[in-house]
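J.: Following this line is start_10.cif, made up of mmCIF, C-alpha atoms and all ligand atoms:
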```cif
data_query
loop_
_atom_site.label_atom_id
_atom_site.label_comp_id
_atom_site.auth_asym_id
_atom_site.auth_seq_id
_atom_site.Cartn_x
_atom_site.Cartn_y
_atom_site.Cartn_z
CA MET A 1 86.96 119.35 100.93
CA ALA A 2 89.91 116.97 101.33
CA PRO A 3 93.43 118.15 102.25
CA THR A 4 95.96 117.97 99.42
CA LEU A 5 99.36 116.32 99.01
CA LYS A 6 102.14 117.97 97.02
CA LEU A 7 103.42 115.80 94.18
CA ASN A 8 107.02 115.82 92.94
CA SER A 9 105.64 117.34 89.70
CA GLY A 10 104.70 120.45 91.67
CA TYR A 11 100.93 119.86 91.51
CA GLU A 12 98.66 119.40 94.53
CA MET A 13 96.59 116.21 94.68
CA PRO A 14 93.51 115.78 96.92
CA GLN A 15 94.27 113.19 99.59
CA VAL A 16 90.79 111.66 99.49
CA GLY A 17 89.25 110.89 96.13
CA PHE A 18 86.58 108.76 94.56
CA GLY A 19 87.30 105.37 92.95
CA LEU A 20 85.41 104.53 89.77
CA TRP A 21 86.01 100.79 89.39
CA LYS A 22 82.76 98.77 89.30
CA VAL A 23 80.63 101.89 88.90
CA ASP A 24 78.28 100.73 86.15
CA GLN A 25 77.72 102.72 82.99
CA ALA A 26 74.06 103.31 83.79
CA THR A 27 74.83 105.17 87.00
CA ALA A 28 78.34 106.54 86.44
CA ALA A 29 77.37 110.03 85.23
CA ASP A 30 75.03 110.61 88.18
CA THR A 31 77.51 109.07 90.61
CA VAL A 32 80.28 111.43 89.49
CA TYR A 33 77.94 114.42 89.48
CA ASN A 34 76.71 113.64 93.01
CA ALA A 35 80.22 113.05 94.26
CA ILE A 36 81.28 116.46 92.94
CA LYS A 37 78.25 117.96 94.68
CA ALA A 38 79.30 116.21 97.91
CA GLY A 39 82.75 117.82 97.65
CA TYR A 40 84.91 115.20 95.86
CA ARG A 41 87.49 116.67 93.50
CA LEU A 42 89.67 113.67 92.65
CA PHE A 43 88.27 110.89 90.45
CA ASP A 44 90.23 107.70 89.89
CA GLY A 45 89.29 106.20 86.56
CA ALA A 46 90.78 103.80 84.03
CA CYS A 47 90.20 102.48 80.53
CA ASP A 48 89.62 99.07 82.09
CA TYR A 49 86.66 100.31 84.18
CA GLY A 50 84.64 100.70 80.97
CA ASN A 51 82.85 103.83 82.15
CA GLU A 52 85.06 106.79 81.17
CA LYS A 53 82.52 108.22 78.70
CA GLU A 54 79.78 108.18 81.32
CA CYS A 55 82.08 109.61 84.01
CA GLY A 56 82.98 112.37 81.55
CA GLU A 57 79.28 113.14 81.13
CA GLY A 58 78.98 113.60 84.89
CA VAL A 59 81.96 115.95 84.90
CA ALA A 60 80.65 117.93 81.92
CA ARG A 61 77.25 118.34 83.58
CA ALA A 62 78.83 119.50 86.84
CA ILE A 63 80.92 122.08 84.98
CA LYS A 64 77.93 123.23 82.91
CA ASP A 65 75.82 123.62 86.06
CA GLY A 66 78.55 125.73 87.65
CA LEU A 67 79.36 123.29 90.49
CA VAL A 68 83.06 123.32 89.60
CA LYS A 69 85.52 124.44 86.97
CA ARG A 70 87.81 121.97 85.20
CA GLU A 71 90.80 123.30 87.15
CA ASP A 72 89.08 122.47 90.46
CA LEU A 73 89.05 118.78 89.54
CA PHE A 74 91.87 116.24 89.65
CA ILE A 75 91.15 113.55 87.10
CA VAL A 76 93.21 110.38 87.17
CA SER A 77 93.20 107.69 84.53
CA LYS A 78 95.34 104.70 83.62
CA LEU A 79 97.06 103.15 80.63
CA TRP A 80 95.78 99.62 80.03
CA GLN A 81 98.28 96.88 79.33
CA THR A 82 97.40 96.37 75.67
CA PHE A 83 98.52 99.94 74.99
CA HIS A 84 102.09 99.72 76.36
CA ASP A 85 103.76 99.78 72.93
CA GLU A 86 105.41 103.18 72.48
CA ASP A 87 103.34 104.16 69.44
CA LYS A 88 100.05 103.21 71.11
CA VAL A 89 100.34 105.31 74.27
CA GLU A 90 99.50 108.74 72.87
CA PRO A 91 96.57 107.67 70.63
CA ILE A 92 94.83 105.80 73.45
CA THR A 93 95.42 108.66 75.87
CA ARG A 94 93.79 111.02 73.38
CA LYS A 95 90.82 108.65 73.09
CA GLN A 96 90.49 108.45 76.88
CA LEU A 97 90.69 112.25 77.14
CA ALA A 98 87.96 112.56 74.50
CA ASP A 99 85.80 110.12 76.48
CA TRP A 100 86.24 112.30 79.57
CA GLN A 101 85.60 115.46 77.47
CA ILE A 102 88.79 117.04 78.82
CA ASP A 103 92.13 117.99 77.27
CA TYR A 104 94.55 116.85 79.98
CA PHE A 105 94.67 114.29 82.77
CA ASP A 106 95.92 115.55 86.13
CA LEU A 107 97.56 112.17 86.60
CA PHE A 108 98.00 109.24 84.22
CA LEU A 109 99.26 105.91 85.54
CA ILE A 110 100.66 102.71 84.10
CA HIS A 111 97.91 100.41 85.41
CA PHE A 112 99.93 97.16 85.70
CA PRO A 113 103.64 96.52 85.06
CA ALA A 114 102.96 93.90 82.40
CA ALA A 115 102.57 94.61 78.69
CA LEU A 116 100.03 92.77 76.56
CA GLU A 117 99.75 92.59 72.79
CA TYR A 118 97.81 95.46 71.21
CA VAL A 119 94.06 95.09 70.66
CA ASP A 120 92.54 97.74 68.43
CA PRO A 121 89.80 99.70 70.25
CA SER A 122 87.51 99.17 67.26
CA VAL A 123 87.76 95.39 67.87
CA ARG A 124 87.01 95.52 71.61
CA TYR A 125 87.08 98.28 74.19
CA PRO A 126 88.00 98.03 76.96
CA PRO A 127 90.11 95.10 75.85
CA GLY A 128 90.65 93.32 79.17
CA TRP A 129 93.36 90.71 79.64
CA PHE A 130 92.60 88.34 76.78
CA TYR A 131 93.71 88.89 73.19
CA ASP A 132 90.66 86.99 71.91
CA GLY A 133 88.37 88.39 74.61
CA GLU A 134 88.06 84.95 76.17
CA SER A 135 91.14 83.13 77.33
CA GLU A 136 94.33 83.80 75.36
CA VAL A 137 96.89 86.02 77.13
CA ARG A 138 99.46 87.37 74.65
CA TRP A 139 102.42 89.18 76.19
CA SER A 140 104.03 92.09 74.36
CA LYS A 141 107.81 92.48 74.26
CA THR A 142 107.63 96.17 75.11
CA THR A 143 109.60 97.02 78.24
CA LEU A 144 108.42 99.24 81.07
CA GLN A 145 111.27 101.61 80.22
CA GLN A 146 109.92 102.07 76.69
CA THR A 147 106.38 102.62 77.98
CA TRP A 148 107.61 105.11 80.56
CA GLY A 149 109.37 107.07 77.81
CA ALA A 150 106.02 107.33 75.99
CA MET A 151 104.32 108.41 79.23
CA GLU A 152 106.92 111.19 79.59
CA LYS A 153 105.98 112.43 76.12
CA LEU A 154 102.38 112.84 77.35
CA VAL A 155 103.68 115.36 79.89
CA GLU A 156 105.77 117.14 77.24
CA LYS A 157 102.66 117.42 75.02
CA GLY A 158 100.44 118.65 77.85
CA LEU A 159 98.17 115.58 77.79
CA ALA A 160 99.05 114.66 81.39
CA ARG A 161 100.27 116.97 84.12
CA SER A 162 101.71 114.21 86.28
CA ILE A 163 102.47 110.57 85.52
CA GLY A 164 102.79 107.62 87.84
CA VAL A 165 102.64 103.88 88.24
CA SER A 166 100.36 101.30 89.78
CA ASN A 167 100.83 97.77 91.06
CA TYR A 168 104.63 98.10 90.91
CA GLN A 169 106.71 96.27 93.49
CA ALA A 170 110.01 97.60 94.86
CA GLN A 171 112.15 96.25 92.02
CA SER A 172 110.19 97.98 89.28
CA VAL A 173 110.06 101.24 91.26
CA TYR A 174 113.86 101.21 91.68
CA ASP A 175 114.27 100.36 88.02
CA ALA A 176 111.99 103.24 86.96
CA LEU A 177 113.98 105.66 89.10
CA ILE A 178 117.11 104.75 87.13
CA TYR A 179 115.71 105.54 83.68
CA ALA A 180 113.02 108.12 84.44
CA LYS A 181 113.58 111.64 83.16
CA ILE A 182 110.30 112.47 84.88
CA ARG A 183 110.04 110.60 88.16
CA PRO A 184 106.76 108.81 88.92
CA ALA A 185 104.62 111.22 90.95
CA THR A 186 102.53 108.51 92.58
CA LEU A 187 102.48 104.77 93.18
CA GLN A 188 98.98 103.31 93.46
CA ILE A 189 98.83 99.99 95.29
CA GLU A 190 96.45 97.69 97.11
CA HIS A 191 96.82 98.72 100.73
CA HIS A 192 94.70 97.80 103.74
CA PRO A 193 95.36 96.23 107.15
CA TYR A 194 95.50 92.73 105.60
CA LEU A 195 98.09 93.90 103.00
CA GLN A 196 100.22 96.67 104.47
CA GLN A 197 103.43 96.43 102.38
CA PRO A 198 105.38 98.66 104.78
CA ASP A 199 108.73 98.37 102.95
CA LEU A 200 107.22 99.34 99.61
CA VAL A 201 105.38 102.30 101.16
CA ASN A 202 108.55 103.44 102.94
CA LEU A 203 110.71 103.22 99.87
CA ALA A 204 108.23 105.17 97.73
CA GLN A 205 107.78 107.86 100.35
CA LYS A 206 111.56 108.17 100.85
CA GLU A 207 111.91 108.64 97.08
CA GLY A 208 109.31 111.44 97.11
CA ILE A 209 106.61 109.33 95.43
CA VAL A 210 103.13 109.74 96.92
CA VAL A 211 101.48 106.40 97.62
CA THR A 212 97.78 106.04 96.87
CA ALA A 213 96.03 103.19 98.65
CA TYR A 214 93.37 101.34 96.73
CA SER A 215 90.84 98.86 98.13
CA SER A 216 91.22 100.44 101.57
CA PHE A 217 88.38 98.25 102.84
CA GLY A 218 90.20 95.06 101.88
CA PRO A 219 87.87 92.20 100.92
CA THR A 220 84.73 94.37 100.82
CA GLY A 221 85.44 95.81 97.37
CA PHE A 222 86.02 92.30 95.97
CA MET A 223 82.87 90.73 97.44
CA GLU A 224 80.93 92.55 94.68
CA LEU A 225 82.83 90.30 92.26
CA ASP A 226 81.90 87.16 94.17
CA MET A 227 85.62 86.44 94.65
CA PRO A 228 85.99 83.34 96.88
CA ARG A 229 89.20 84.67 98.48
CA ALA A 230 87.37 87.85 99.51
CA LYS A 231 84.28 86.02 100.72
CA SER A 232 86.36 83.79 102.98
CA ALA A 233 88.23 86.72 104.60
CA ALA A 234 86.80 88.42 107.70
CA PRO A 235 85.33 91.81 106.67
CA LEU A 236 87.62 94.57 107.92
CA MET A 237 84.76 96.83 108.96
CA GLU A 238 83.57 94.08 111.31
CA HIS A 239 87.00 93.27 112.72
CA ALA A 240 86.99 93.62 116.53
CA ALA A 241 90.12 95.80 116.63
CA ILE A 242 88.80 98.22 113.98
CA LYS A 243 85.39 98.42 115.66
CA GLU A 244 87.01 99.11 119.02
CA ILE A 245 89.17 101.92 117.59
CA ALA A 246 86.14 103.38 115.80
CA ALA A 247 84.06 103.41 118.98
CA LYS A 248 86.91 105.07 120.89
CA HIS A 249 87.13 107.92 118.37
CA LYS A 250 83.36 108.05 117.70
CA LYS A 251 83.97 107.36 114.02
CA THR A 252 82.84 104.58 111.70
CA PRO A 253 85.09 101.58 110.96
CA ALA A 254 85.36 102.85 107.36
CA GLN A 255 86.65 106.21 108.57
CA VAL A 256 89.25 104.46 110.74
CA LEU A 257 90.45 102.39 107.76
CA LEU A 258 90.78 105.51 105.60
CA ARG A 259 92.43 107.58 108.35
CA TRP A 260 94.95 104.82 109.03
CA ALA A 261 96.22 105.42 105.49
CA THR A 262 95.91 109.22 105.26
CA GLN A 263 97.51 109.81 108.67
CA ARG A 264 100.58 107.97 107.35
CA GLY A 265 100.76 110.26 104.32
CA LEU A 266 98.96 108.09 101.77
CA ALA A 267 96.06 109.17 99.56
CA VAL A 268 92.85 107.10 99.44
CA ILE A 269 90.21 106.56 96.74
CA PRO A 270 87.24 104.75 98.31
CA LYS A 271 84.30 103.80 96.15
CA THR A 272 80.64 103.83 97.09
CA SER A 273 77.45 104.29 95.17
CA ARG A 274 75.46 105.14 98.32
CA PRO A 275 74.99 108.91 98.66
CA GLU A 276 74.92 108.79 102.47
CA VAL A 277 78.32 107.11 102.55
CA LEU A 278 79.97 109.59 100.16
CA ALA A 279 80.15 112.32 102.77
CA GLN A 280 81.35 109.96 105.49
CA ASN A 281 84.34 108.78 103.47
CA LEU A 282 85.33 112.31 102.46
CA ASP A 283 85.03 113.45 106.04
CA SER A 284 87.68 111.08 107.35
CA THR A 285 90.77 113.23 107.85
CA ASN A 286 89.78 115.35 110.86
CA PHE A 287 90.88 113.00 113.65
CA ASP A 288 94.04 111.10 114.53
CA LEU A 289 94.63 107.52 115.55
CA ASP A 290 96.98 107.17 118.52
CA SER A 291 100.08 104.99 118.69
CA SER A 292 98.24 102.09 120.34
CA ASP A 293 95.67 102.12 117.50
CA LEU A 294 98.47 102.08 114.93
CA GLU A 295 100.19 99.19 116.73
CA LYS A 296 96.98 97.16 116.81
CA ILE A 297 96.40 97.69 113.09
CA ALA A 298 100.04 96.85 112.29
CA GLU A 299 99.45 93.45 113.92
CA MET A 300 96.60 92.71 111.50
CA ASP A 301 98.86 92.34 108.44
CA LEU A 302 98.26 88.95 106.78
CA ASN A 303 99.90 89.73 103.45
CA ILE A 304 96.67 88.78 101.63
CA ARG A 305 96.40 90.28 98.15
CA PHE A 306 92.96 90.32 96.57
CA ASN A 307 93.74 92.14 93.33
CA LYS A 308 95.88 89.69 91.40
CA PRO A 309 95.17 88.07 88.04
CA THR A 310 95.03 84.54 89.43
CA ASN A 311 92.13 85.56 91.68
CA TYR A 312 90.17 86.33 88.49
CA PHE A 313 91.21 83.47 86.22
CA SER A 314 93.29 80.32 86.46
CA ALA A 315 97.07 80.60 86.37
CA ASP A 316 97.39 78.25 83.37
CA LYS A 317 95.96 81.03 81.20
CA LEU A 318 98.86 83.30 82.18
CA PHE A 319 101.88 81.04 81.86
P1 LIG B 1 86.88 99.94 98.29
O1 LIG B 1 87.95 99.43 99.20
O2 LIG B 1 86.72 101.39 98.12
O3 LIG B 1 85.53 99.25 98.77
C1 LIG B 1 84.33 99.43 98.10
C2 LIG B 1 83.22 98.72 98.85
O4 LIG B 1 83.11 99.26 100.16
C3 LIG B 1 81.86 98.91 98.19
O5 LIG B 1 81.16 97.69 98.34
C4 LIG B 1 81.21 100.00 99.01
O6 LIG B 1 79.82 99.91 99.03
C5 LIG B 1 81.79 99.74 100.39
N1 LIG B 1 81.92 100.99 101.17
C6 LIG B 1 82.50 102.14 100.76
N2 LIG B 1 82.47 103.06 101.74
C7 LIG B 1 81.85 102.48 102.81
C8 LIG B 1 81.52 102.92 104.10
N3 LIG B 1 81.82 104.15 104.53
N4 LIG B 1 80.86 102.06 104.93
C9 LIG B 1 80.55 100.81 104.52
N5 LIG B 1 80.84 100.32 103.29
C10 LIG B 1 81.49 101.16 102.44
O7 LIG B 1 87.02 99.20 96.90
P2 LIG B 1 87.67 99.19 95.55
O8 LIG B 1 86.65 99.59 94.55
O9 LIG B 1 88.35 97.88 95.44
O10 LIG B 1 88.84 100.28 95.55
C11 LIG B 1 88.59 101.66 95.45
C12 LIG B 1 89.13 102.24 94.15
O11 LIG B 1 90.51 101.96 94.02
C13 LIG B 1 88.53 101.66 92.87
O12 LIG B 1 87.23 102.14 92.62
C14 LIG B 1 89.55 102.08 91.86
O13 LIG B 1 89.39 103.44 91.52
C15 LIG B 1 90.84 101.87 92.64
N6 LIG B 1 91.47 100.56 92.35
C16 LIG B 1 92.61 100.55 91.61
C17 LIG B 1 93.19 99.34 91.28
C18 LIG B 1 94.46 99.32 90.49
O14 LIG B 1 94.84 98.24 89.98
N7 LIG B 1 95.16 100.43 90.34
C19 LIG B 1 92.62 98.13 91.73
C20 LIG B 1 91.48 98.19 92.51
C21 LIG B 1 90.91 99.40 92.83
#
```
For the structure just supplied, provide its representation as structure tokens.
Ligand code: NAD

T.:
Amino acid sequence: MAPTLKLNSGYEMPQVGFGLWKVDQATAADTVYNAIKAGYRLFDGACDYGNEKECGEGVARAIKDGLVKREDLFIVSKLWQTFHDEDKVEPITRKQLADWQIDYFDLFLIHFPAALEYVDPSVRYPPGWFYDGESEVRWSKTTLQQTWGAMEKLVEKGLARSIGVSNYQAQSVYDALIYAKIRPATLQIEHHPYLQQPDLVNLAQKEGIVVTAYSSFGPTGFMELDMPRAKSAAPLMEHAAIKEIAAKHKKTPAQVLLRWATQRGLAVIPKTSRPEVLAQNLDSTNFDLDSSDLEKIAEMDLNIRFNKPTNYFSADKLF
């Protein structure tokens, strides 16, 4: 079982969890079930991943079979951008909870700090970026402050125990801290040796916000999408420095990449559909990198971001 981190909401969050992006609907229920069997307790989902119903089936089966109780699990989901308007937040959260077959999220995050015009779930779900499902981006005028207010109501109503943000940069974190009645419990960001964002991590940690690293393996997670930027980057697990550190500690490169984050107080949510790799990723917190390892990894920062809209579609659709 993974160690836990204490959130500013008072709840404990597992430091190693399981990421559900790109887990297809056909395998999601079994994947979640097997991950619970392997010892995972935190699941990182989202409306946008299009598999919450199937993930919920995996959870329900695990509970029915007596593998876990609901309170043993830490289920995370995210508010998609088309639901930022204040009156849309609660209804969509209730739909997402129904898909998961649960009555509260342990943590609910604003997925991206950019509001899009509402798309009714009966028209298209998940809605994605485009209003017409193809190419038209329509921005909403709802501010992040208004959306955060609606997120706070989810806590008041017991629909989310903790709330947080994702893909915020320093400015939006500082801004949220000014208006928040409930401070963000976590900040989920892309974080790997090629995109370290040390100032953002420091500021969040100093403000008592737990940082969750996503895409800990850098380009690897984006190769599945055939993303040219990811395909042209050197795979982190084959990087000479990472391999050398792994050999020194008798660990795998993946374990080194995860430990680099968890040793510095971050949570991680790696994704794999291979059963043999599940255990390896969970079992990545029982060794420490030394200062020379940390220095070598610090030197690898290239400030390369894989998860940005313009890596998925051309910028002229956005502006
Ligand atoms: P990841 O960094 O976890 O990499 C996944 C890839 O690495 C897969 O191809 C997998 O087969 C491979 N892999 C996993 N463990 C391995 C191991 N031990 N050895 C060798 N290969 C291994 O990728 P990710 O999916 O980009 O990120 C993880 C999770 O983070 C997502 O599933 C999602 O939950 C979350 N996420 C959030 C956002 C956001 O905007 N908030 C964006 C991206 C991802």

J.: Could you produce a table of the residues of range 27-92 of chain A lying within 9 Å of range 1-12 of chain A, with the nearest pair of atoms per residue and their separation in Å rounded to one decimal, using only C-alpha atoms, ordered by chain and increasing residue number, as JSON lines?

T.:
```
{"residue": "A:Ala38", "atom": "CA", "partner": "A:Met1", "partner_atom": "CA", "distance": 8.8}
{"residue": "A:Gly39", "atom": "CA", "partner": "A:Met1", "partner_atom": "CA", "distance": 5.6}
{"residue": "A:Tyr40", "atom": "CA", "partner": "A:Met1", "partner_atom": "CA", "distance": 6.9}
{"residue": "A:Arg41", "atom": "CA", "partner": "A:Met1", "partner_atom": "CA", "distance": 7.9}
{"residue": "A:Phe74", "atom": "CA", "partner": "A:Glu12", "partner_atom": "CA", "distance": 8.9}
```

J.: Restricting the calculation to all atoms listed in the file, which member of A:Ala114, A:Ile269, A:Leu79, A:Leu67 is positioned closest to Leu20 in chain A?

T.: A:Ile269

J.: The residues within 9 Å of (79.1, 109.9, 80.8), using all atoms listed in the file and the coordinates of the file, should be reported as an MDAnalysis selection string; which are they?

T.: chainID A and resid 25:30 32 51:60 99:100

J.: Save the residues we just selected, C-alpha atoms, as a compact mmCIF listing (two decimals), keeping the file's coordinate frame?

T.:
```txt
# COMPACT_ATOMS: atom_id res chain seq x y z
CA GLN A 25 77.72 102.72 82.99
CA ALA A 26 74.06 103.31 83.79
CA THR A 27 74.83 105.17 87.00
CA ALA A 28 78.34 106.54 86.44
CA ALA A 29 77.37 110.03 85.23
CA ASP A 30 75.03 110.61 88.18
CA VAL A 32 80.28 111.43 89.49
CA ASN A 51 82.85 103.83 82.15
CA GLU A 52 85.06 106.79 81.17
CA LYS A 53 82.52 108.22 78.70
CA GLU A 54 79.78 108.18 81.32
CA CYS A 55 82.08 109.61 84.01
CA GLY A 56 82.98 112.37 81.55
CA GLU A 57 79.28 113.14 81.13
CA GLY A 58 78.98 113.60 84.89
CA VAL A 59 81.96 115.95 84.90
CA ALA A 60 80.65 117.93 81.92
CA ASP A 99 85.80 110.12 76.48
CA TRP A 100 86.24 112.30 79.57
```

J.: If you take all atoms listed in the file and a cut-off of 12 Å, which residues of range 103-196 of chain A touch range 298-302 of chain A, and what are their nearest atom pairs and distances in Å to one decimal, in chain and number order, as a tab-separated table?

T.:
```
residue	atom	partner	partner_atom	distance
A:His191	CA	A:Asp301	CA	10.2
A:His192	CA	A:Asp301	CA	8.3
A:Pro193	CA	A:Asp301	CA	5.4
A:Tyr194	CA	A:Asp301	CA	4.4
A:Leu195	CA	A:Asp301	CA	5.7
A:Gln196	CA	A:Asp301	CA	6.0
```

J.: May I ask which of the residues A:Thr82, A:Asn281, A:Ser292, A:Asn311 is the closest one to ligand LIG 1 (chain B), counting all atoms listed in the file?

T.: A:Asn281

J.: How many Å separate CA of Pro121 in chain A from CA of Glu90 in chain A?

T.: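 We find that CA of Pro121 in chain A and CA of Glu90 in chain A lie 13.5 Å from each other.
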
J.: Can you build me a table of range 181-275 of chain A residues sitting at most 12 Å from range 131-155 of chain A, with the closest atom pair per residue and its distance in Å to one decimal, using only C-alpha atoms, sorted by chain and residue number, as a tab-separated table?

T.:
```
residue	atom	partner	partner_atom	distance
A:Lys181	CA	A:Glu152	CA	7.6
A:Ile182	CA	A:Glu152	CA	6.4
A:Arg183	CA	A:Glu152	CA	9.1
A:Pro184	CA	A:Trp148	CA	9.2
A:Ala185	CA	A:Glu152	CA	11.6
```

J.: Considering all atoms listed in the file, can you say which of A:Asn286, A:Thr220, A:Thr262, A:Gln197 comes closest to Asn303 in chain A?

T.: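 Of A:Asn286, A:Thr220, A:Thr262, A:Gln197, the one nearest Asn303 in chain A is A:Gln197, counting all atoms listed in the file.
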
J.: Using CA of Phe105 in chain A and CA of Tyr312 in chain A as the two end points, give the distance in Å to one decimal.

T.: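 A separation of 28.9 Å between them.
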
J.: My list of candidates is A:Glu238, A:Asp288, A:Asp65, A:Asp199. Which is closest to Phe217 in chain A when distances are computed with only C-alpha atoms?

T.: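 Looking only at the distances to Phe217 in chain A, the closest residue turns out to be A:Glu238.
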
J.: Hey, which residues come within 8 Å of ligand LIG 1 (chain B) if we count only C-alpha atoms and all ligand atoms? Could you give them as a PDB file with C-alpha atoms, in the frame of the given file?

T.:
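Result file follows (part_32.pdb):
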```
ATOM      1  CA  PHE A  18      86.580 108.760  94.560  1.00  0.00           C
ATOM      2  CA  GLY A  19      87.300 105.370  92.950  1.00  0.00           C
ATOM      3  CA  LEU A  20      85.410 104.530  89.770  1.00  0.00           C
ATOM      4  CA  TRP A  21      86.010 100.790  89.390  1.00  0.00           C
ATOM      5  CA  LYS A  22      82.760  98.770  89.300  1.00  0.00           C
ATOM      6  CA  VAL A  23      80.630 101.890  88.900  1.00  0.00           C
ATOM      7  CA  PHE A  43      88.270 110.890  90.450  1.00  0.00           C
ATOM      8  CA  ASP A  44      90.230 107.700  89.890  1.00  0.00           C
ATOM      9  CA  GLY A  45      89.290 106.200  86.560  1.00  0.00           C
ATOM     10  CA  ALA A  46      90.780 103.800  84.030  1.00  0.00           C
ATOM     11  CA  LYS A  78      95.340 104.700  83.620  1.00  0.00           C
ATOM     12  CA  HIS A 111      97.910 100.410  85.410  1.00  0.00           C
ATOM     13  CA  PHE A 112      99.930  97.160  85.700  1.00  0.00           C
ATOM     14  CA  SER A 166     100.360 101.300  89.780  1.00  0.00           C
ATOM     15  CA  ASN A 167     100.830  97.770  91.060  1.00  0.00           C
ATOM     16  CA  GLN A 188      98.980 103.310  93.460  1.00  0.00           C
ATOM     17  CA  ILE A 189      98.830  99.990  95.290  1.00  0.00           C
ATOM     18  CA  GLU A 190      96.450  97.690  97.110  1.00  0.00           C
ATOM     19  CA  ALA A 213      96.030 103.190  98.650  1.00  0.00           C
ATOM     20  CA  TYR A 214      93.370 101.340  96.730  1.00  0.00           C
ATOM     21  CA  SER A 215      90.840  98.860  98.130  1.00  0.00           C
ATOM     22  CA  SER A 216      91.220 100.440 101.570  1.00  0.00           C
ATOM     23  CA  PHE A 217      88.380  98.250 102.840  1.00  0.00           C
ATOM     24  CA  GLY A 218      90.200  95.060 101.880  1.00  0.00           C
ATOM     25  CA  PRO A 219      87.870  92.200 100.920  1.00  0.00           C
ATOM     26  CA  THR A 220      84.730  94.370 100.820  1.00  0.00           C
ATOM     27  CA  GLY A 221      85.440  95.810  97.370  1.00  0.00           C
ATOM     28  CA  PHE A 222      86.020  92.300  95.970  1.00  0.00           C
ATOM     29  CA  MET A 223      82.870  90.730  97.440  1.00  0.00           C
ATOM     30  CA  GLU A 224      80.930  92.550  94.680  1.00  0.00           C
ATOM     31  CA  MET A 237      84.760  96.830 108.960  1.00  0.00           C
ATOM     32  CA  THR A 252      82.840 104.580 111.700  1.00  0.00           C
ATOM     33  CA  PRO A 253      85.090 101.580 110.960  1.00  0.00           C
ATOM     34  CA  ALA A 254      85.360 102.850 107.360  1.00  0.00           C
ATOM     35  CA  GLN A 255      86.650 106.210 108.570  1.00  0.00           C
ATOM     36  CA  VAL A 268      92.850 107.100  99.440  1.00  0.00           C
ATOM     37  CA  ILE A 269      90.210 106.560  96.740  1.00  0.00           C
ATOM     38  CA  PRO A 270      87.240 104.750  98.310  1.00  0.00           C
ATOM     39  CA  LYS A 271      84.300 103.800  96.150  1.00  0.00           C
ATOM     40  CA  THR A 272      80.640 103.830  97.090  1.00  0.00           C
ATOM     41  CA  SER A 273      77.450 104.290  95.170  1.00  0.00           C
ATOM     42  CA  ARG A 274      75.460 105.140  98.320  1.00  0.00           C
ATOM     43  CA  VAL A 277      78.320 107.110 102.550  1.00  0.00           C
ATOM     44  CA  LEU A 278      79.970 109.590 100.160  1.00  0.00           C
ATOM     45  CA  GLN A 280      81.350 109.960 105.490  1.00  0.00           C
ATOM     46  CA  ASN A 281      84.340 108.780 103.470  1.00  0.00           C
ATOM     47  CA  ASN A 307      93.740  92.140  93.330  1.00  0.00           C
TER      48      ASN A 307
END
```

J.: Kindly output range 75-85 of chain A as a JSON list (two decimals), keeping the file's coordinate frame, after building N, CA and C atoms.

T.:
```
[["chain", "number", "residue", "atom", "x", "y", "z"],
["A", 75, "ILE", "N", 91.63, 114.76, 87.76],
["A", 75, "ILE", "CA", 91.15, 113.55, 87.10],
["A", 75, "ILE", "C", 92.31, 112.61, 86.78],
["A", 76, "VAL", "N", 92.16, 111.40, 87.29],
["A", 76, "VAL", "CA", 93.21, 110.38, 87.17],
["A", 76, "VAL", "C", 92.70, 109.29, 86.22],
["A", 77, "SER", "N", 93.56, 108.86, 85.32],
["A", 77, "SER", "CA", 93.20, 107.69, 84.53],
["A", 77, "SER", "C", 94.44, 106.82, 84.36],
["A", 78, "LYS", "N", 94.25, 105.68, 83.68],
["A", 78, "LYS", "CA", 95.34, 104.70, 83.62],
["A", 78, "LYS", "C", 95.47, 104.10, 82.23],
["A", 79, "LEU", "N", 96.72, 103.78, 81.90],
["A", 79, "LEU", "CA", 97.06, 103.15, 80.63],
["A", 79, "LEU", "C", 96.87, 101.64, 80.77],
["A", 80, "TRP", "N", 95.98, 101.08, 79.96],
["A", 80, "TRP", "CA", 95.78, 99.62, 80.03],
["A", 80, "TRP", "C", 96.93, 98.89, 79.34],
["A", 81, "GLN", "N", 97.09, 97.66, 79.71],
["A", 81, "GLN", "CA", 98.28, 96.88, 79.33],
["A", 81, "GLN", "C", 98.42, 96.62, 77.85],
["A", 82, "THR", "N", 97.31, 96.62, 77.11],
["A", 82, "THR", "CA", 97.40, 96.37, 75.67],
["A", 82, "THR", "C", 97.87, 97.61, 74.91],
["A", 83, "PHE", "N", 98.10, 98.70, 75.65],
["A", 83, "PHE", "CA", 98.52, 99.94, 74.99],
["A", 83, "PHE", "C", 99.94, 100.36, 75.41],
["A", 84, "HIS", "N", 100.73, 99.39, 75.89],
["A", 84, "HIS", "CA", 102.09, 99.72, 76.36],
["A", 84, "HIS", "C", 103.06, 100.03, 75.24],
["A", 85, "ASP", "N", 102.80, 99.53, 74.02],
["A", 85, "ASP", "CA", 103.76, 99.78, 72.93],
["A", 85, "ASP", "C", 103.89, 101.29, 72.74]]
```
